[in-house]
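> Please find one structure pasted underneath; my questions will follow.
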Amino acid sequence: VQLQASGGGLVQPGGSLRLSCAASGRIFSRNEMGWYRRAPGKQRDLVAVSSNDGNTNYADSIKGRFTISRDKNMVYLQMNSLKPEDTAVYYCNLRQQSPDSGTEFSYWGQGTQVTVSS
């Protein structure tokens with residue numbers, strides 16, 4: 001499985017960005033795709049995840065500002081009202097479980113930089 005993320009960049013506070021991630025390869029019918037981020041000097045944290053049965057989960061810090069959506073093997077993160085503290089490298093993630101063996105897999109994209117600054 002490969003994940004290709006895009007859409008990062010430099011934006012002023014209060015602005016918007018949309019991240020996209022395309023998954024390819026052997027993808028099982030039940031999976032979860034989402035976004036994590038790592039700010040400078042901090043650990044990688046959950047931003048938002050979405051299962052392909054429609055369930056979503058958001059970090060408290062971005063609720064009401066970010067929206068995750070999916071279209072088959074694509075996942076998007078619409079980020080509005082961006083703040084300087086949203087500056088981080090954003091990583092796309094796919095988690096799935098083999099229907100045959102039950103083995104769980106987790107895959108990561110290459111990361112895309114989001115910088116919020118005036």
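The way I read the labels, and the way they are meant: chains A, B, ... in the order of the structure tokens, residue 1 as the first residue of every chain, and ligand 1 as the first ligand shown, with later ones counted on from there.
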Give me, as a VMD selection string, all polymer residues having an atom no more than 8 Å from region 101-107 of chain A, counting only C-alpha atoms and skipping those fewer than 3 positions away in the same chain.
chain A and resid 1 to 3 93 to 98
> If you take only C-alpha atoms and a cut-off of 10 Å, which residues of region 98-117 of chain A touch region 67-91 of chain A, and what are their nearest atom pairs and distances in Å to one decimal, in chain and number order, as a Markdown table?

```
| residue | atom | partner | partner_atom | distance |
| --- | --- | --- | --- | --- |
| A:Trp108 | CA | A:Tyr91 | CA | 6.7 |
| A:Gly109 | CA | A:Tyr91 | CA | 5.8 |
| A:Gln110 | CA | A:Tyr91 | CA | 6.6 |
| A:Gly111 | CA | A:Tyr91 | CA | 4.4 |
| A:Thr112 | CA | A:Tyr90 | CA | 5.2 |
| A:Gln113 | CA | A:Val89 | CA | 4.4 |
| A:Val114 | CA | A:Thr87 | CA | 5.4 |
| A:Thr115 | CA | A:Thr87 | CA | 4.6 |
| A:Val116 | CA | A:Pro84 | CA | 4.7 |
| A:Ser117 | CA | A:Pro84 | CA | 5.8 |
```
> When DSSP works through the backbone of this structure, what residues of chain A end up as helix (DSSP H, G or I), shown as a ChimeraX atom specification?
/A:60-62,84-86
> Using DSSP on the backbone, list every residue of chain A that comes out as strand (DSSP E or B), and give them as a compact mmCIF listing (two decimals) with all heavy atoms, in the first residue's frame.

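Listing of states13.txt after writing:
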```txt
# COMPACT_ATOMS: atom_id res chain seq x y z
N GLN A 2 0.54 2.18 -0.85
CA GLN A 2 1.24 3.45 -0.90
C GLN A 2 0.26 4.60 -0.69
O GLN A 2 -0.88 4.54 -1.16
CB GLN A 2 1.95 3.62 -2.24
CG GLN A 2 3.09 2.62 -2.45
CD GLN A 2 3.83 2.86 -3.75
OE1 GLN A 2 3.25 3.30 -4.74
NE2 GLN A 2 5.13 2.57 -3.75
N LEU A 3 0.73 5.61 0.01
CA LEU A 3 -0.07 6.80 0.28
C LEU A 3 0.67 8.02 -0.27
O LEU A 3 1.86 8.20 0.00
CB LEU A 3 -0.31 6.98 1.78
CG LEU A 3 -1.03 5.83 2.48
CD1 LEU A 3 -1.08 6.07 3.98
CD2 LEU A 3 -2.43 5.65 1.94
N GLN A 4 -0.04 8.83 -1.03
CA GLN A 4 0.55 10.03 -1.62
C GLN A 4 -0.26 11.22 -1.16
O GLN A 4 -1.42 11.37 -1.55
CB GLN A 4 0.55 9.93 -3.13
CG GLN A 4 1.19 11.12 -3.84
CD GLN A 4 2.66 11.22 -3.56
OE1 GLN A 4 3.40 10.22 -3.61
NE2 GLN A 4 3.14 12.41 -3.25
N ALA A 5 0.37 12.06 -0.34
CA ALA A 5 -0.31 13.23 0.20
C ALA A 5 0.12 14.48 -0.55
O ALA A 5 1.24 14.57 -1.06
CB ALA A 5 0.00 13.38 1.68
N SER A 6 -0.79 15.45 -0.58
CA SER A 6 -0.49 16.74 -1.22
C SER A 6 -1.36 17.82 -0.60
O SER A 6 -2.33 17.52 0.11
CB SER A 6 -0.74 16.65 -2.72
OG SER A 6 -2.10 16.34 -2.98
N GLY A 9 1.31 23.81 2.52
CA GLY A 9 1.85 25.08 2.07
C GLY A 9 1.88 26.11 3.18
O GLY A 9 1.70 25.79 4.36
N LEU A 10 2.10 27.34 2.77
CA LEU A 10 2.15 28.47 3.70
C LEU A 10 0.85 29.26 3.59
O LEU A 10 0.41 29.59 2.47
CB LEU A 10 3.34 29.38 3.35
CG LEU A 10 3.44 30.71 4.09
CD1 LEU A 10 3.66 30.48 5.58
CD2 LEU A 10 4.56 31.56 3.50
N VAL A 11 0.24 29.54 4.72
CA VAL A 11 -1.01 30.27 4.73
C VAL A 11 -1.02 31.22 5.91
O VAL A 11 -0.39 30.95 6.94
CB VAL A 11 -2.21 29.29 4.79
CG1 VAL A 11 -2.22 28.51 6.08
CG2 VAL A 11 -3.53 30.01 4.58
N LEU A 17 -6.67 25.65 3.95
CA LEU A 17 -5.94 24.74 3.10
C LEU A 17 -6.72 23.44 3.02
O LEU A 17 -7.46 23.10 3.94
CB LEU A 17 -4.54 24.44 3.64
CG LEU A 17 -3.43 25.45 3.43
CD1 LEU A 17 -2.17 24.97 4.16
CD2 LEU A 17 -3.14 25.66 1.96
N ARG A 18 -6.52 22.71 1.93
CA ARG A 18 -7.13 21.40 1.78
C ARG A 18 -6.05 20.39 1.47
O ARG A 18 -5.33 20.53 0.47
CB ARG A 18 -8.18 21.39 0.67
CG ARG A 18 -8.97 20.11 0.57
CD ARG A 18 -9.91 20.15 -0.60
NE ARG A 18 -10.90 19.10 -0.57
CZ ARG A 18 -11.22 18.37 -1.63
NH1 ARG A 18 -10.63 18.59 -2.79
NH2 ARG A 18 -12.15 17.43 -1.53
N LEU A 19 -5.91 19.40 2.32
CA LEU A 19 -4.97 18.31 2.10
C LEU A 19 -5.69 17.15 1.43
O LEU A 19 -6.85 16.87 1.71
CB LEU A 19 -4.36 17.84 3.41
CG LEU A 19 -3.68 18.89 4.28
CD1 LEU A 19 -3.06 18.23 5.51
CD2 LEU A 19 -2.63 19.66 3.50
N SER A 20 -4.95 16.47 0.55
CA SER A 20 -5.48 15.29 -0.13
C SER A 20 -4.50 14.14 0.03
O SER A 20 -3.29 14.36 0.12
CB SER A 20 -5.68 15.56 -1.62
OG SER A 20 -6.56 16.64 -1.85
N CYS A 21 -5.03 12.93 0.06
CA CYS A 21 -4.18 11.74 0.14
C CYS A 21 -4.83 10.62 -0.66
O CYS A 21 -6.01 10.32 -0.47
CB CYS A 21 -4.01 11.31 1.60
SG CYS A 21 -3.04 9.81 1.82
N ALA A 22 -4.03 10.04 -1.54
CA ALA A 22 -4.51 8.94 -2.37
C ALA A 22 -3.83 7.65 -1.95
O ALA A 22 -2.60 7.60 -1.84
CB ALA A 22 -4.21 9.22 -3.83
N ALA A 23 -4.62 6.63 -1.68
CA ALA A 23 -4.10 5.32 -1.31
C ALA A 23 -4.20 4.38 -2.51
O ALA A 23 -5.20 4.38 -3.23
CB ALA A 23 -4.88 4.75 -0.14
N SER A 24 -3.15 3.58 -2.70
CA SER A 24 -3.15 2.60 -3.79
C SER A 24 -2.52 1.31 -3.29
O SER A 24 -1.80 1.29 -2.30
CB SER A 24 -2.39 3.16 -5.00
OG SER A 24 -1.04 3.43 -4.66
N ASN A 31 -11.53 -0.32 6.29
CA ASN A 31 -10.29 0.35 6.65
C ASN A 31 -10.60 1.69 7.28
O ASN A 31 -11.75 2.14 7.30
CB ASN A 31 -9.38 0.50 5.43
CG ASN A 31 -10.05 1.28 4.32
OD1 ASN A 31 -10.26 2.49 4.43
ND2 ASN A 31 -10.37 0.61 3.23
N GLU A 32 -9.57 2.32 7.75
CA GLU A 32 -9.68 3.65 8.33
C GLU A 32 -8.56 4.50 7.75
O GLU A 32 -7.39 4.08 7.74
CB GLU A 32 -9.55 3.58 9.86
CG GLU A 32 -9.59 4.91 10.57
CD GLU A 32 -9.35 4.74 12.06
OE1 GLU A 32 -8.15 4.78 12.46
OE2 GLU A 32 -10.31 4.57 12.82
N MET A 33 -8.90 5.68 7.28
CA MET A 33 -7.90 6.61 6.77
C MET A 33 -7.99 7.90 7.56
O MET A 33 -9.08 8.28 8.03
CB MET A 33 -8.11 6.90 5.29
CG MET A 33 -7.85 5.70 4.39
SD MET A 33 -7.94 6.12 2.63
CE MET A 33 -6.42 7.07 2.43
N GLY A 34 -6.86 8.57 7.69
CA GLY A 34 -6.90 9.81 8.45
C GLY A 34 -5.63 10.59 8.38
O GLY A 34 -4.73 10.29 7.58
N TRP A 35 -5.58 11.58 9.23
CA TRP A 35 -4.46 12.51 9.27
C TRP A 35 -3.92 12.64 10.68
O TRP A 35 -4.69 12.72 11.66
CB TRP A 35 -4.91 13.89 8.78
CG TRP A 35 -5.34 13.88 7.35
CD1 TRP A 35 -6.60 13.68 6.87
CD2 TRP A 35 -4.50 14.05 6.20
NE1 TRP A 35 -6.60 13.72 5.50
CE2 TRP A 35 -5.31 13.96 5.07
CE3 TRP A 35 -3.13 14.30 6.03
CZ2 TRP A 35 -4.81 14.09 3.77
CZ3 TRP A 35 -2.64 14.43 4.75
CH2 TRP A 35 -3.47 14.33 3.64
N TYR A 36 -2.60 12.68 10.76
CA TYR A 36 -1.88 12.96 12.00
C TYR A 36 -0.93 14.11 11.72
O TYR A 36 -0.64 14.42 10.55
CB TYR A 36 -1.10 11.72 12.45
CG TYR A 36 -1.98 10.57 12.90
CD1 TYR A 36 -2.72 9.83 11.98
CD2 TYR A 36 -2.08 10.22 14.24
CE1 TYR A 36 -3.54 8.78 12.38
CE2 TYR A 36 -2.90 9.17 14.65
CZ TYR A 36 -3.62 8.46 13.72
OH TYR A 36 -4.43 7.43 14.12
N ARG A 37 -0.46 14.72 12.76
CA ARG A 37 0.51 15.81 12.56
C ARG A 37 1.58 15.80 13.64
O ARG A 37 1.34 15.38 14.76
CB ARG A 37 -0.20 17.17 12.52
CG ARG A 37 -0.79 17.62 13.84
CD ARG A 37 -1.58 18.91 13.65
NE ARG A 37 -2.15 19.41 14.90
CZ ARG A 37 -2.98 20.44 14.99
NH1 ARG A 37 -3.35 21.10 13.88
NH2 ARG A 37 -3.43 20.84 16.17
N ARG A 38 2.75 16.30 13.24
CA ARG A 38 3.86 16.45 14.18
C ARG A 38 4.34 17.88 14.12
O ARG A 38 4.88 18.31 13.10
CB ARG A 38 5.00 15.49 13.85
CG ARG A 38 6.21 15.67 14.79
CD ARG A 38 7.30 14.68 14.48
NE ARG A 38 6.97 13.36 14.95
CZ ARG A 38 7.31 12.23 14.33
NH1 ARG A 38 7.97 12.28 13.20
NH2 ARG A 38 6.98 11.06 14.85
N ARG A 44 3.95 12.90 17.20
CA ARG A 44 2.91 12.87 16.19
C ARG A 44 1.57 12.58 16.86
O ARG A 44 1.43 11.61 17.59
CB ARG A 44 3.24 11.82 15.14
CG ARG A 44 2.29 11.79 13.96
CD ARG A 44 2.91 11.12 12.75
NE ARG A 44 3.39 9.79 13.01
CZ ARG A 44 4.08 9.08 12.13
NH1 ARG A 44 4.37 9.60 10.94
NH2 ARG A 44 4.48 7.87 12.43
N ASP A 45 0.59 13.42 16.56
CA ASP A 45 -0.72 13.32 17.20
C ASP A 45 -1.83 13.16 16.17
O ASP A 45 -1.71 13.61 15.03
CB ASP A 45 -1.02 14.58 18.03
CG ASP A 45 -0.15 14.68 19.27
OD1 ASP A 45 0.17 13.64 19.87
OD2 ASP A 45 0.21 15.82 19.63
N LEU A 46 -2.92 12.58 16.61
CA LEU A 46 -4.11 12.43 15.77
C LEU A 46 -4.69 13.80 15.44
O LEU A 46 -4.78 14.68 16.30
CB LEU A 46 -5.15 11.60 16.52
CG LEU A 46 -6.56 11.59 15.92
CD1 LEU A 46 -6.60 10.72 14.69
CD2 LEU A 46 -7.58 11.11 16.94
N VAL A 47 -5.10 13.97 14.18
CA VAL A 47 -5.88 15.14 13.78
C VAL A 47 -7.33 14.70 13.54
O VAL A 47 -8.25 15.19 14.18
CB VAL A 47 -5.30 15.80 12.52
CG1 VAL A 47 -6.18 16.97 12.09
CG2 VAL A 47 -3.87 16.25 12.76
N ALA A 48 -7.50 13.78 12.61
CA ALA A 48 -8.84 13.29 12.30
C ALA A 48 -8.72 11.98 11.55
O ALA A 48 -7.79 11.79 10.77
CB ALA A 48 -9.61 14.30 11.45
N VAL A 49 -9.66 11.07 11.81
CA VAL A 49 -9.70 9.80 11.09
C VAL A 49 -11.12 9.51 10.66
O VAL A 49 -12.09 10.01 11.28
CB VAL A 49 -9.17 8.63 11.94
CG1 VAL A 49 -7.68 8.77 12.18
CG2 VAL A 49 -9.93 8.50 13.24
N SER A 50 -11.25 8.72 9.61
CA SER A 50 -12.55 8.37 9.07
C SER A 50 -12.52 6.92 8.60
O SER A 50 -11.65 6.55 7.80
CB SER A 50 -12.90 9.29 7.90
OG SER A 50 -14.10 8.88 7.28
N SER A 51 -13.45 6.13 9.09
CA SER A 51 -13.57 4.77 8.60
C SER A 51 -14.45 4.77 7.35
O SER A 51 -15.22 5.73 7.13
CB SER A 51 -14.18 3.86 9.67
OG SER A 51 -15.48 4.30 9.99
N THR A 56 -16.28 9.01 12.12
CA THR A 56 -15.16 9.95 12.15
C THR A 56 -14.78 10.26 13.60
O THR A 56 -15.59 10.12 14.52
CB THR A 56 -15.50 11.27 11.45
OG1 THR A 56 -16.64 11.86 12.08
CG2 THR A 56 -15.80 11.04 9.98
N ASN A 57 -13.52 10.68 13.76
CA ASN A 57 -13.03 11.08 15.07
C ASN A 57 -12.08 12.24 14.87
O ASN A 57 -11.21 12.19 13.98
CB ASN A 57 -12.32 9.91 15.75
CG ASN A 57 -11.92 10.22 17.18
OD1 ASN A 57 -12.60 10.96 17.88
ND2 ASN A 57 -10.81 9.65 17.63
N TYR A 58 -12.26 13.30 15.69
CA TYR A 58 -11.45 14.49 15.57
C TYR A 58 -10.73 14.80 16.88
O TYR A 58 -11.26 14.57 17.96
CB TYR A 58 -12.31 15.71 15.23
CG TYR A 58 -12.93 15.71 13.86
CD1 TYR A 58 -14.20 15.17 13.64
CD2 TYR A 58 -12.26 16.28 12.78
CE1 TYR A 58 -14.76 15.18 12.39
CE2 TYR A 58 -12.83 16.31 11.51
CZ TYR A 58 -14.08 15.77 11.32
OH TYR A 58 -14.64 15.79 10.07
N PHE A 66 -11.70 21.95 11.21
CA PHE A 66 -11.24 20.98 10.20
C PHE A 66 -12.35 19.98 9.91
O PHE A 66 -13.11 19.59 10.81
CB PHE A 66 -10.02 20.21 10.69
CG PHE A 66 -8.76 21.01 10.87
CD1 PHE A 66 -8.75 22.38 10.79
CD2 PHE A 66 -7.56 20.36 11.11
CE1 PHE A 66 -7.59 23.11 10.95
CE2 PHE A 66 -6.37 21.07 11.28
CZ PHE A 66 -6.40 22.45 11.21
N THR A 67 -12.40 19.53 8.66
CA THR A 67 -13.37 18.51 8.27
C THR A 67 -12.68 17.44 7.45
O THR A 67 -12.00 17.75 6.46
CB THR A 67 -14.51 19.12 7.45
OG1 THR A 67 -15.14 20.16 8.19
CG2 THR A 67 -15.55 18.04 7.11
N ILE A 68 -12.85 16.20 7.85
CA ILE A 68 -12.30 15.08 7.10
C ILE A 68 -13.40 14.49 6.22
O ILE A 68 -14.56 14.43 6.62
CB ILE A 68 -11.70 14.01 8.03
CG1 ILE A 68 -10.89 12.98 7.24
CG2 ILE A 68 -12.78 13.33 8.87
CD1 ILE A 68 -10.06 12.04 8.09
N SER A 69 -12.99 14.09 5.02
CA SER A 69 -13.94 13.45 4.13
C SER A 69 -13.23 12.38 3.32
O SER A 69 -12.00 12.41 3.18
CB SER A 69 -14.62 14.47 3.19
OG SER A 69 -13.66 15.13 2.40
N ARG A 70 -14.01 11.47 2.77
CA ARG A 70 -13.43 10.37 1.99
C ARG A 70 -14.20 10.16 0.71
O ARG A 70 -15.39 10.44 0.61
CB ARG A 70 -13.47 9.08 2.82
CG ARG A 70 -12.55 9.09 3.98
CD ARG A 70 -12.43 7.72 4.58
NE ARG A 70 -11.96 6.73 3.60
CZ ARG A 70 -11.61 5.49 3.92
NH1 ARG A 70 -11.68 5.10 5.18
NH2 ARG A 70 -11.22 4.64 2.99
N ASP A 71 -13.48 9.66 -0.28
CA ASP A 71 -14.09 9.25 -1.54
C ASP A 71 -13.34 8.00 -1.98
O ASP A 71 -12.25 8.10 -2.56
CB ASP A 71 -13.98 10.36 -2.58
CG ASP A 71 -14.61 9.96 -3.91
OD1 ASP A 71 -15.27 8.90 -3.97
OD2 ASP A 71 -14.44 10.71 -4.89
N MET A 74 -9.52 7.81 -1.37
CA MET A 74 -9.00 9.15 -1.17
C MET A 74 -9.50 9.67 0.18
O MET A 74 -10.63 9.38 0.59
CB MET A 74 -9.50 10.11 -2.26
CG MET A 74 -8.99 9.81 -3.65
SD MET A 74 -7.25 10.24 -3.87
CE MET A 74 -7.29 12.01 -3.54
N VAL A 75 -8.64 10.44 0.85
CA VAL A 75 -9.06 11.11 2.07
C VAL A 75 -8.63 12.56 1.98
O VAL A 75 -7.54 12.87 1.46
CB VAL A 75 -8.51 10.42 3.33
CG1 VAL A 75 -7.00 10.49 3.40
CG2 VAL A 75 -9.13 11.01 4.59
N TYR A 76 -9.50 13.45 2.47
CA TYR A 76 -9.25 14.87 2.39
C TYR A 76 -9.35 15.48 3.79
O TYR A 76 -10.08 14.99 4.64
CB TYR A 76 -10.27 15.55 1.48
CG TYR A 76 -10.36 14.94 0.10
CD1 TYR A 76 -11.31 13.96 -0.19
CD2 TYR A 76 -9.49 15.32 -0.91
CE1 TYR A 76 -11.40 13.38 -1.44
CE2 TYR A 76 -9.58 14.76 -2.18
CZ TYR A 76 -10.52 13.79 -2.44
OH TYR A 76 -10.60 13.22 -3.68
N LEU A 77 -8.62 16.58 3.96
CA LEU A 77 -8.74 17.33 5.21
C LEU A 77 -8.89 18.80 4.84
O LEU A 77 -7.94 19.43 4.36
CB LEU A 77 -7.51 17.13 6.10
CG LEU A 77 -7.61 17.77 7.48
CD1 LEU A 77 -8.67 17.04 8.32
CD2 LEU A 77 -6.26 17.74 8.18
N GLN A 78 -10.10 19.31 5.02
CA GLN A 78 -10.36 20.73 4.80
C GLN A 78 -10.06 21.46 6.10
O GLN A 78 -10.68 21.17 7.13
CB GLN A 78 -11.81 20.96 4.39
CG GLN A 78 -12.18 22.41 4.19
CD GLN A 78 -11.45 23.04 3.02
OE1 GLN A 78 -11.34 22.46 1.95
NE2 GLN A 78 -10.95 24.25 3.23
N MET A 79 -9.12 22.36 6.03
CA MET A 79 -8.68 23.08 7.22
C MET A 79 -9.04 24.56 7.08
O MET A 79 -8.53 25.24 6.17
CB MET A 79 -7.17 22.92 7.42
CG MET A 79 -6.72 21.47 7.48
SD MET A 79 -4.96 21.30 7.83
CE MET A 79 -4.25 21.97 6.34
N ALA A 88 2.67 22.32 11.32
CA ALA A 88 3.16 20.96 11.56
C ALA A 88 3.37 20.27 10.22
O ALA A 88 2.95 20.77 9.17
CB ALA A 88 2.17 20.17 12.40
N VAL A 89 4.02 19.12 10.29
CA VAL A 89 4.02 18.20 9.15
C VAL A 89 2.82 17.29 9.32
O VAL A 89 2.65 16.66 10.38
CB VAL A 89 5.31 17.39 9.08
CG1 VAL A 89 5.25 16.40 7.90
CG2 VAL A 89 6.52 18.30 8.95
N TYR A 90 1.99 17.22 8.30
CA TYR A 90 0.77 16.42 8.34
C TYR A 90 1.00 15.12 7.58
O TYR A 90 1.49 15.14 6.44
CB TYR A 90 -0.38 17.21 7.73
CG TYR A 90 -0.90 18.28 8.65
CD1 TYR A 90 -0.13 19.42 8.94
CD2 TYR A 90 -2.14 18.17 9.26
CE1 TYR A 90 -0.60 20.39 9.80
CE2 TYR A 90 -2.62 19.14 10.12
CZ TYR A 90 -1.84 20.25 10.39
OH TYR A 90 -2.29 21.22 11.25
N TYR A 91 0.63 14.02 8.23
CA TYR A 91 0.84 12.70 7.67
C TYR A 91 -0.50 12.01 7.42
O TYR A 91 -1.37 11.99 8.29
CB TYR A 91 1.66 11.83 8.62
CG TYR A 91 3.07 12.33 8.86
CD1 TYR A 91 3.35 13.21 9.90
CD2 TYR A 91 4.11 11.92 8.03
CE1 TYR A 91 4.63 13.67 10.12
CE2 TYR A 91 5.40 12.38 8.24
CZ TYR A 91 5.66 13.25 9.29
OH TYR A 91 6.93 13.71 9.50
N CYS A 92 -0.61 11.42 6.26
CA CYS A 92 -1.76 10.59 5.93
C CYS A 92 -1.51 9.17 6.45
O CYS A 92 -0.38 8.69 6.39
CB CYS A 92 -1.93 10.58 4.41
SG CYS A 92 -3.25 9.53 3.81
N ASN A 93 -2.55 8.54 6.92
CA ASN A 93 -2.43 7.19 7.48
C ASN A 93 -3.58 6.32 7.02
O ASN A 93 -4.72 6.79 6.87
CB ASN A 93 -2.43 7.26 9.01
CG ASN A 93 -2.45 5.89 9.66
OD1 ASN A 93 -3.49 5.39 10.09
ND2 ASN A 93 -1.29 5.25 9.75
N LEU A 94 -3.29 5.06 6.76
CA LEU A 94 -4.31 4.06 6.47
C LEU A 94 -4.09 2.87 7.40
O LEU A 94 -2.98 2.35 7.49
CB LEU A 94 -4.26 3.61 5.02
CG LEU A 94 -5.36 2.63 4.58
CD1 LEU A 94 -5.70 2.83 3.11
CD2 LEU A 94 -4.98 1.18 4.79
N ARG A 95 -5.17 2.45 8.07
CA ARG A 95 -5.13 1.26 8.93
C ARG A 95 -6.16 0.26 8.43
O ARG A 95 -7.27 0.65 8.07
CB ARG A 95 -5.46 1.62 10.38
CG ARG A 95 -4.49 2.59 11.02
CD ARG A 95 -4.94 2.97 12.42
NE ARG A 95 -4.13 4.06 12.97
CZ ARG A 95 -3.04 3.86 13.71
NH1 ARG A 95 -2.65 2.64 13.99
NH2 ARG A 95 -2.38 4.90 14.17
N GLN A 96 -5.76 -1.00 8.40
CA GLN A 96 -6.69 -2.02 7.94
C GLN A 96 -6.32 -3.35 8.57
O GLN A 96 -5.21 -3.53 9.05
CB GLN A 96 -6.70 -2.11 6.42
CG GLN A 96 -5.38 -2.47 5.79
CD GLN A 96 -5.48 -2.48 4.26
OE1 GLN A 96 -6.50 -2.06 3.68
NE2 GLN A 96 -4.45 -2.96 3.60
N GLN A 97 -7.29 -4.24 8.53
CA GLN A 97 -7.09 -5.56 9.10
C GLN A 97 -7.38 -6.59 8.03
O GLN A 97 -8.41 -6.53 7.35
CB GLN A 97 -8.02 -5.76 10.30
CG GLN A 97 -7.83 -7.07 11.04
CD GLN A 97 -8.74 -7.18 12.24
OE1 GLN A 97 -9.91 -6.80 12.21
NE2 GLN A 97 -8.20 -7.68 13.35
N GLU A 104 -3.26 -6.74 11.61
CA GLU A 104 -3.50 -5.33 11.41
C GLU A 104 -2.29 -4.67 10.74
O GLU A 104 -1.15 -5.00 11.06
CB GLU A 104 -3.81 -4.65 12.75
CG GLU A 104 -5.10 -5.15 13.39
CD GLU A 104 -5.47 -4.38 14.64
OE1 GLU A 104 -4.65 -3.57 15.10
OE2 GLU A 104 -6.58 -4.60 15.15
N PHE A 105 -2.58 -3.77 9.84
CA PHE A 105 -1.53 -3.05 9.12
C PHE A 105 -1.76 -1.54 9.26
O PHE A 105 -2.90 -1.08 9.31
CB PHE A 105 -1.56 -3.42 7.64
CG PHE A 105 -1.33 -4.88 7.36
CD1 PHE A 105 -2.40 -5.76 7.29
CD2 PHE A 105 -0.05 -5.36 7.18
CE1 PHE A 105 -2.20 -7.11 7.04
CE2 PHE A 105 0.17 -6.70 6.93
CZ PHE A 105 -0.90 -7.58 6.86
N SER A 106 -0.66 -0.82 9.27
CA SER A 106 -0.73 0.64 9.32
C SER A 106 0.30 1.19 8.36
O SER A 106 1.47 0.79 8.38
CB SER A 106 -0.45 1.15 10.73
OG SER A 106 -0.50 2.57 10.77
N TYR A 107 -0.15 2.10 7.50
CA TYR A 107 0.72 2.67 6.47
C TYR A 107 0.73 4.19 6.61
O TYR A 107 -0.29 4.80 6.97
CB TYR A 107 0.21 2.29 5.08
CG TYR A 107 0.06 0.81 4.86
CD1 TYR A 107 -1.17 0.18 5.07
CD2 TYR A 107 1.13 0.03 4.45
CE1 TYR A 107 -1.32 -1.19 4.88
CE2 TYR A 107 0.99 -1.34 4.25
CZ TYR A 107 -0.23 -1.93 4.47
OH TYR A 107 -0.38 -3.28 4.28
N TRP A 108 1.89 4.79 6.26
CA TRP A 108 2.04 6.24 6.38
C TRP A 108 2.47 6.85 5.06
O TRP A 108 3.29 6.28 4.33
CB TRP A 108 3.09 6.57 7.44
CG TRP A 108 2.67 6.18 8.82
CD1 TRP A 108 2.96 5.01 9.46
CD2 TRP A 108 1.86 6.94 9.72
NE1 TRP A 108 2.38 5.00 10.70
CE2 TRP A 108 1.70 6.18 10.89
CE3 TRP A 108 1.25 8.20 9.65
CZ2 TRP A 108 0.96 6.62 11.99
CZ3 TRP A 108 0.53 8.64 10.74
CH2 TRP A 108 0.38 7.86 11.89
N THR A 112 3.32 16.20 4.62
CA THR A 112 3.26 17.45 3.88
C THR A 112 3.28 18.60 4.90
O THR A 112 2.56 18.57 5.91
CB THR A 112 2.02 17.51 2.96
OG1 THR A 112 2.03 18.71 2.20
CG2 THR A 112 0.71 17.42 3.73
N GLN A 113 4.09 19.60 4.64
CA GLN A 113 4.29 20.69 5.59
C GLN A 113 3.16 21.71 5.47
O GLN A 113 2.83 22.16 4.37
CB GLN A 113 5.63 21.39 5.33
CG GLN A 113 5.89 22.60 6.21
CD GLN A 113 6.15 22.23 7.65
OE1 GLN A 113 6.93 21.30 7.94
NE2 GLN A 113 5.54 22.95 8.59
N VAL A 114 2.59 22.06 6.62
CA VAL A 114 1.62 23.14 6.71
C VAL A 114 2.21 24.20 7.65
O VAL A 114 2.55 23.90 8.80
CB VAL A 114 0.26 22.65 7.25
CG1 VAL A 114 -0.66 23.82 7.53
CG2 VAL A 114 -0.38 21.69 6.26
N THR A 115 2.35 25.41 7.14
CA THR A 115 2.89 26.51 7.94
C THR A 115 1.87 27.63 7.98
O THR A 115 1.44 28.11 6.92
CB THR A 115 4.21 27.01 7.37
OG1 THR A 115 5.15 25.93 7.31
CG2 THR A 115 4.78 28.13 8.22
N VAL A 116 1.49 28.02 9.19
CA VAL A 116 0.53 29.10 9.36
C VAL A 116 1.27 30.28 9.99
O VAL A 116 1.68 30.23 11.15
CB VAL A 116 -0.66 28.68 10.25
CG1 VAL A 116 -1.69 29.80 10.32
CG2 VAL A 116 -1.28 27.39 9.74
```
> Could you work out how far CA of Arg30 (chain A) lies from CA of Asp53 (chain A), giving the answer in Å with one decimal?
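Calculated distance between CA of Asp53 (chain A) and CA of Arg30 (chain A) is 7.8 Å.
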